[in-house]
Amino acid sequence: MTLSFWQRNDREADADCDVAVVGGGIIGCATAYWLRRFRPALRVALVEGGRLASGASGRNAGFLLQGAAFDYVTDRERYGAERARRLWHFTRQNRDLIASELRPRVFALEASGSLAVAGTEAEDARLRAAVRWMRADGAPVAYIPPEETNRRLVGRGFYGALYVPSGAALHPARLVRHLAATSGAAVYEQHRVVALDEAGGRYVLETPVRRLWAGQVVLALGAYLPLLVPELGRYVRPVRAQMLATVPRPPRWLQLPAYTHDGYFYLRQTPDGTLLAGGARHLHADAEVGYEDATTPALQADLEAYLHHHFPQTQGLAVRHRWSGTMGFSPDHLPVVGAVPGLPGCHWAAGFTGHGMGYGFRFGQLLAEHVLGRPHPEDFDLFTADRFERARPTRLRTASDAPAS
């Protein structure tokens, strides 16, 4: 995006801060929160191109899941036993911090537990195998046999499930806005950063509205990071997810958020009986890549077919809303953090692969510690970008195939 002569010379007065956090989603708002929490005198600016939570952080199902993008057996195979264990506990800490540090009633936190539900015999076998490893690693779970799984879901056609007592659900947009409001940061909405440069030992963020000056910068732009810094496109790829919401039908029959078919489908029901469902991206992998914010009849039809097949009570239930959101997927499906090339006082984080809620609040704490120069923040090594230089090439699923919630 460029600025005309008239726009450039008819803007608001410049603003100044110690740290500018660019991106008003869960990662940006959590980072702003923790920066002020650690150093109350710090002048923090939260800079968002649209409205707070207007991106993926306000368009997801609101799940607080533990672990990485796959089941625990697959996580151990991909990342190694120790790293899989640490990732699970990192996301558990995220859930616990949200419950203890914030005001859960503001964003409708439901600490109900969650279900990982098998859609195939092979997935069921992995869930059964995961129980032993998860319990040994301090992750209490319970396997539920197929008949009981279908009874609890008031559904049909599922295999077994894992009940994770620490799983939870919330209103994601309210969480993001709550973090921004309690961070004490100066919030600049509708300020899309079109250029980032260094001048006189400080960093200059150009927006159509005003210029902002900062001592340090954090880019928490998710999938949109490469649009500002193209060199970082190797770490994050834009992938679209679609969801729908039905009209309310009380009483509520689905009490727990459910993540099914390797995460390629997911659903939850709100207290008023509204059913939220998302997924089916794996059936349209090539079409669901890019930045276009739109729903497609084919994928939405597959979402409805999934509901009607597994939950006959949804047949004839009207859909009142459909939407999409663009997520940032990393090459190995784990978050990535690094320094902006050529701008050593600028940091970035991206690649949450559809699991930003599961990582976000704790990740903001980690990123804030790094920005403030705290030596060797715990768990920071899990996410650094240099892992891609250290690792030997491995065969991974394509980014458009990874599950999301």
# chains A, B, ... in the order shown; residues from 1 in each chain; ligands from 1

call {"tool": "residues_around", "arguments": {"residues": "Ala142 in chain A", "least_positions_apart": "2", "cutoff": "8 Å", "atoms": "only C-alpha atoms", "output": "PyMOL selection string"}}
result
chain A and resi 131+140+144+162-164

call {"tool": "write_last_selection", "arguments": {"atoms": "N, CA, C and O atoms", "output": "short mmCIF file (atom, residue, chain, number, x, y, z; two decimals), in the first residue's frame"}}
result
data_model
loop_
_atom_site.label_atom_id
_atom_site.label_comp_id
_atom_site.auth_asym_id
_atom_site.auth_seq_id
_atom_site.Cartn_x
_atom_site.Cartn_y
_atom_site.Cartn_z
N VAL A 131 -2.68 -42.55 25.65
CA VAL A 131 -3.04 -42.47 27.07
C VAL A 131 -1.83 -42.76 27.96
O VAL A 131 -1.52 -42.01 28.90
N PRO A 140 -3.00 -35.80 32.63
CA PRO A 140 -4.07 -36.74 32.95
C PRO A 140 -5.17 -36.73 31.89
O PRO A 140 -5.76 -35.70 31.59
N ILE A 144 -12.30 -42.87 26.34
CA ILE A 144 -13.73 -43.18 26.37
C ILE A 144 -14.04 -44.10 25.20
O ILE A 144 -13.77 -43.75 24.04
N LEU A 162 -10.59 -39.16 23.62
CA LEU A 162 -9.81 -38.82 24.81
C LEU A 162 -10.47 -37.64 25.49
O LEU A 162 -10.73 -36.60 24.86
N TYR A 163 -10.74 -37.80 26.77
CA TYR A 163 -11.22 -36.69 27.57
C TYR A 163 -10.02 -36.02 28.22
O TYR A 163 -9.23 -36.67 28.91
N VAL A 164 -9.88 -34.73 27.97
CA VAL A 164 -8.78 -33.94 28.54
C VAL A 164 -9.38 -32.96 29.54
O VAL A 164 -10.01 -31.97 29.15
#

call {"tool": "residues_around", "arguments": {"residues": "range 239-249 of chain A", "least_positions_apart": "3", "cutoff": "7 Å", "atoms": "only C-alpha atoms", "output": "PyMOL selection string"}}
result
chain A and resi 272-279+281+288-290+295+317-329+400

call {"tool": "select_by_dssp", "arguments": {"residues": "range 290-386 of chain A", "states": "alpha helix (DSSP H)", "output": "MDAnalysis selection string"}}
result
chainID A and resid 297:310 356:371

call {"tool": "residues_around", "arguments": {"residues": "Gly354 in chain A", "least_positions_apart": "3", "cutoff": "12 Å", "atoms": "only C-alpha atoms", "output": "ChimeraX atom specification"}}
result
/A:55-65,68-70,222-223,236-242,263-264,266,278-279,281,325-330,333-335,350-351,357-360,399-405

call {"tool": "residues_around", "arguments": {"residues": "range 30-44 of chain A", "least_positions_apart": "4", "cutoff": "8 Å", "atoms": "only C-alpha atoms", "output": "PDB file with N, CA, C and O atoms, in the first residue's frame"}}
result
ATOM      1  N   CYS A  17       6.637   5.861  21.504  1.00  0.00           N
ATOM      2  CA  CYS A  17       6.482   4.830  22.529  1.00  0.00           C
ATOM      3  C   CYS A  17       7.812   4.119  22.731  1.00  0.00           C
ATOM      4  O   CYS A  17       8.746   4.272  21.945  1.00  0.00           O
ATOM      5  N   ASP A  18       7.873   3.324  23.793  1.00  0.00           N
ATOM      6  CA  ASP A  18       9.057   2.498  24.028  1.00  0.00           C
ATOM      7  C   ASP A  18       9.013   1.225  23.186  1.00  0.00           C
ATOM      8  O   ASP A  18      10.012   0.821  22.593  1.00  0.00           O
ATOM      9  N   VAL A  19       7.838   0.588  23.154  1.00  0.00           N
ATOM     10  CA  VAL A  19       7.658  -0.631  22.369  1.00  0.00           C
ATOM     11  C   VAL A  19       6.355  -0.527  21.586  1.00  0.00           C
ATOM     12  O   VAL A  19       5.302  -0.251  22.167  1.00  0.00           O
ATOM     13  N   ALA A  20       6.425  -0.729  20.291  1.00  0.00           N
ATOM     14  CA  ALA A  20       5.225  -0.793  19.455  1.00  0.00           C
ATOM     15  C   ALA A  20       4.954  -2.254  19.127  1.00  0.00           C
ATOM     16  O   ALA A  20       5.812  -2.946  18.583  1.00  0.00           O
ATOM     17  N   VAL A  21       3.768  -2.715  19.484  1.00  0.00           N
ATOM     18  CA  VAL A  21       3.337  -4.079  19.163  1.00  0.00           C
ATOM     19  C   VAL A  21       2.356  -3.969  17.999  1.00  0.00           C
ATOM     20  O   VAL A  21       1.296  -3.354  18.132  1.00  0.00           O
ATOM     21  N   ILE A  26      -4.526 -12.194  19.511  1.00  0.00           N
ATOM     22  CA  ILE A  26      -4.180 -12.763  20.806  1.00  0.00           C
ATOM     23  C   ILE A  26      -2.698 -12.601  21.121  1.00  0.00           C
ATOM     24  O   ILE A  26      -2.335 -12.269  22.253  1.00  0.00           O
ATOM     25  N   VAL A 176      -9.382 -11.179  23.653  1.00  0.00           N
ATOM     26  CA  VAL A 176      -8.424 -10.262  23.034  1.00  0.00           C
ATOM     27  C   VAL A 176      -8.689  -8.828  23.490  1.00  0.00           C
ATOM     28  O   VAL A 176      -7.762  -8.101  23.874  1.00  0.00           O
ATOM     29  N   LEU A 179      -7.606  -8.291  27.097  1.00  0.00           N
ATOM     30  CA  LEU A 179      -6.166  -8.127  27.231  1.00  0.00           C
ATOM     31  C   LEU A 179      -5.738  -6.713  26.851  1.00  0.00           C
ATOM     32  O   LEU A 179      -4.913  -6.098  27.533  1.00  0.00           O
ATOM     33  N   ALA A 180      -6.275  -6.207  25.751  1.00  0.00           N
ATOM     34  CA  ALA A 180      -5.914  -4.857  25.323  1.00  0.00           C
ATOM     35  C   ALA A 180      -6.331  -3.823  26.364  1.00  0.00           C
ATOM     36  O   ALA A 180      -5.571  -2.897  26.685  1.00  0.00           O
ATOM     37  N   THR A 182      -6.817  -4.185  29.580  1.00  0.00           N
ATOM     38  CA  THR A 182      -6.099  -4.267  30.858  1.00  0.00           C
ATOM     39  C   THR A 182      -4.598  -4.097  30.702  1.00  0.00           C
ATOM     40  O   THR A 182      -3.879  -4.043  31.697  1.00  0.00           O
ATOM     41  N   SER A 183      -4.113  -3.998  29.476  1.00  0.00           N
ATOM     42  CA  SER A 183      -2.674  -3.856  29.253  1.00  0.00           C
ATOM     43  C   SER A 183      -2.162  -2.458  29.576  1.00  0.00           C
ATOM     44  O   SER A 183      -0.975  -2.282  29.831  1.00  0.00           O
ATOM     45  N   GLY A 184      -3.055  -1.473  29.534  1.00  0.00           N
ATOM     46  CA  GLY A 184      -2.617  -0.091  29.702  1.00  0.00           C
ATOM     47  C   GLY A 184      -1.926   0.477  28.488  1.00  0.00           C
ATOM     48  O   GLY A 184      -1.428   1.605  28.512  1.00  0.00           O
ATOM     49  N   ALA A 185      -1.893  -0.278  27.389  1.00  0.00           N
ATOM     50  CA  ALA A 185      -1.237   0.194  26.170  1.00  0.00           C
ATOM     51  C   ALA A 185      -2.089   1.255  25.475  1.00  0.00           C
ATOM     52  O   ALA A 185      -3.320   1.266  25.598  1.00  0.00           O
ATOM     53  N   ALA A 186      -1.432   2.140  24.743  1.00  0.00           N
ATOM     54  CA  ALA A 186      -2.142   3.062  23.852  1.00  0.00           C
ATOM     55  C   ALA A 186      -2.559   2.266  22.625  1.00  0.00           C
ATOM     56  O   ALA A 186      -1.716   1.697  21.933  1.00  0.00           O
ATOM     57  N   GLY A 360      -1.423 -18.567  22.977  1.00  0.00           N
ATOM     58  CA  GLY A 360      -1.264 -17.130  22.921  1.00  0.00           C
ATOM     59  C   GLY A 360      -0.891 -16.394  24.180  1.00  0.00           C
ATOM     60  O   GLY A 360       0.024 -15.567  24.177  1.00  0.00           O
ATOM     61  N   PHE A 361      -1.599 -16.601  25.291  1.00  0.00           N
ATOM     62  CA  PHE A 361      -1.346 -15.793  26.485  1.00  0.00           C
ATOM     63  C   PHE A 361       0.025 -16.109  27.068  1.00  0.00           C
ATOM     64  O   PHE A 361       0.786 -15.201  27.405  1.00  0.00           O
ATOM     65  N   ARG A 362       0.355 -17.363  27.172  1.00  0.00           N
ATOM     66  CA  ARG A 362       1.679 -17.755  27.661  1.00  0.00           C
ATOM     67  C   ARG A 362       2.760 -17.328  26.674  1.00  0.00           C
ATOM     68  O   ARG A 362       3.850 -16.904  27.081  1.00  0.00           O
ATOM     69  N   PHE A 363       2.479 -17.399  25.378  1.00  0.00           N
ATOM     70  CA  PHE A 363       3.466 -16.999  24.389  1.00  0.00           C
ATOM     71  C   PHE A 363       3.734 -15.502  24.480  1.00  0.00           C
ATOM     72  O   PHE A 363       4.880 -15.057  24.331  1.00  0.00           O
ATOM     73  N   GLY A 364       2.703 -14.704  24.740  1.00  0.00           N
ATOM     74  CA  GLY A 364       2.908 -13.276  24.925  1.00  0.00           C
ATOM     75  C   GLY A 364       3.823 -12.993  26.103  1.00  0.00           C
ATOM     76  O   GLY A 364       4.649 -12.072  26.061  1.00  0.00           O
ATOM     77  N   GLN A 365       3.700 -13.778  27.150  1.00  0.00           N
ATOM     78  CA  GLN A 365       4.582 -13.648  28.305  1.00  0.00           C
ATOM     79  C   GLN A 365       6.023 -13.938  27.911  1.00  0.00           C
ATOM     80  O   GLN A 365       6.949 -13.197  28.266  1.00  0.00           O
ATOM     81  N   LEU A 367       7.343 -13.810  24.878  1.00  0.00           N
ATOM     82  CA  LEU A 367       7.836 -12.802  23.947  1.00  0.00           C
ATOM     83  C   LEU A 367       8.178 -11.504  24.669  1.00  0.00           C
ATOM     84  O   LEU A 367       9.186 -10.849  24.360  1.00  0.00           O
ATOM     85  N   ALA A 368       7.374 -11.133  25.651  1.00  0.00           N
ATOM     86  CA  ALA A 368       7.662  -9.927  26.423  1.00  0.00           C
ATOM     87  C   ALA A 368       8.980 -10.064  27.179  1.00  0.00           C
ATOM     88  O   ALA A 368       9.783  -9.121  27.234  1.00  0.00           O
ATOM     89  N   GLU A 369       9.216 -11.229  27.762  1.00  0.00           N
ATOM     90  CA  GLU A 369      10.488 -11.461  28.461  1.00  0.00           C
ATOM     91  C   GLU A 369      11.665 -11.306  27.499  1.00  0.00           C
ATOM     92  O   GLU A 369      12.697 -10.719  27.847  1.00  0.00           O
ATOM     93  N   LEU A 372      12.294  -7.648  26.595  1.00  0.00           N
ATOM     94  CA  LEU A 372      12.870  -6.903  27.714  1.00  0.00           C
ATOM     95  C   LEU A 372      14.289  -7.354  28.053  1.00  0.00           C
ATOM     96  O   LEU A 372      14.894  -6.839  28.996  1.00  0.00           O
TER      97      LEU A 372
END

call {"tool": "closest_residue", "arguments": {"among": "A:Leu170, A:Leu227, A:Ala161, A:Leu307", "to": "Arg95 in chain A", "atoms": "only C-alpha atoms"}}
result
A:Leu170

call {"tool": "select_by_dssp", "arguments": {"residues": "range 91-232 of chain A", "states": "strand (DSSP E or B)", "output": "VMD selection string"}}
result
chain A and resid 110 114 to 117 142 to 144 161 to 164 168 to 169 186 to 188 195 to 199 202 to 206 211 to 219

call {"tool": "atom_distance", "arguments": {"atom1": "CA of Ala258 in chain A", "atom2": "CA of His309 in chain A"}}
result
15.7 Å

call {"tool": "atom_distance", "arguments": {"atom1": "CA of Arg86 in chain A", "atom2": "CA of Val217 in chain A"}}
result
27.9 Å
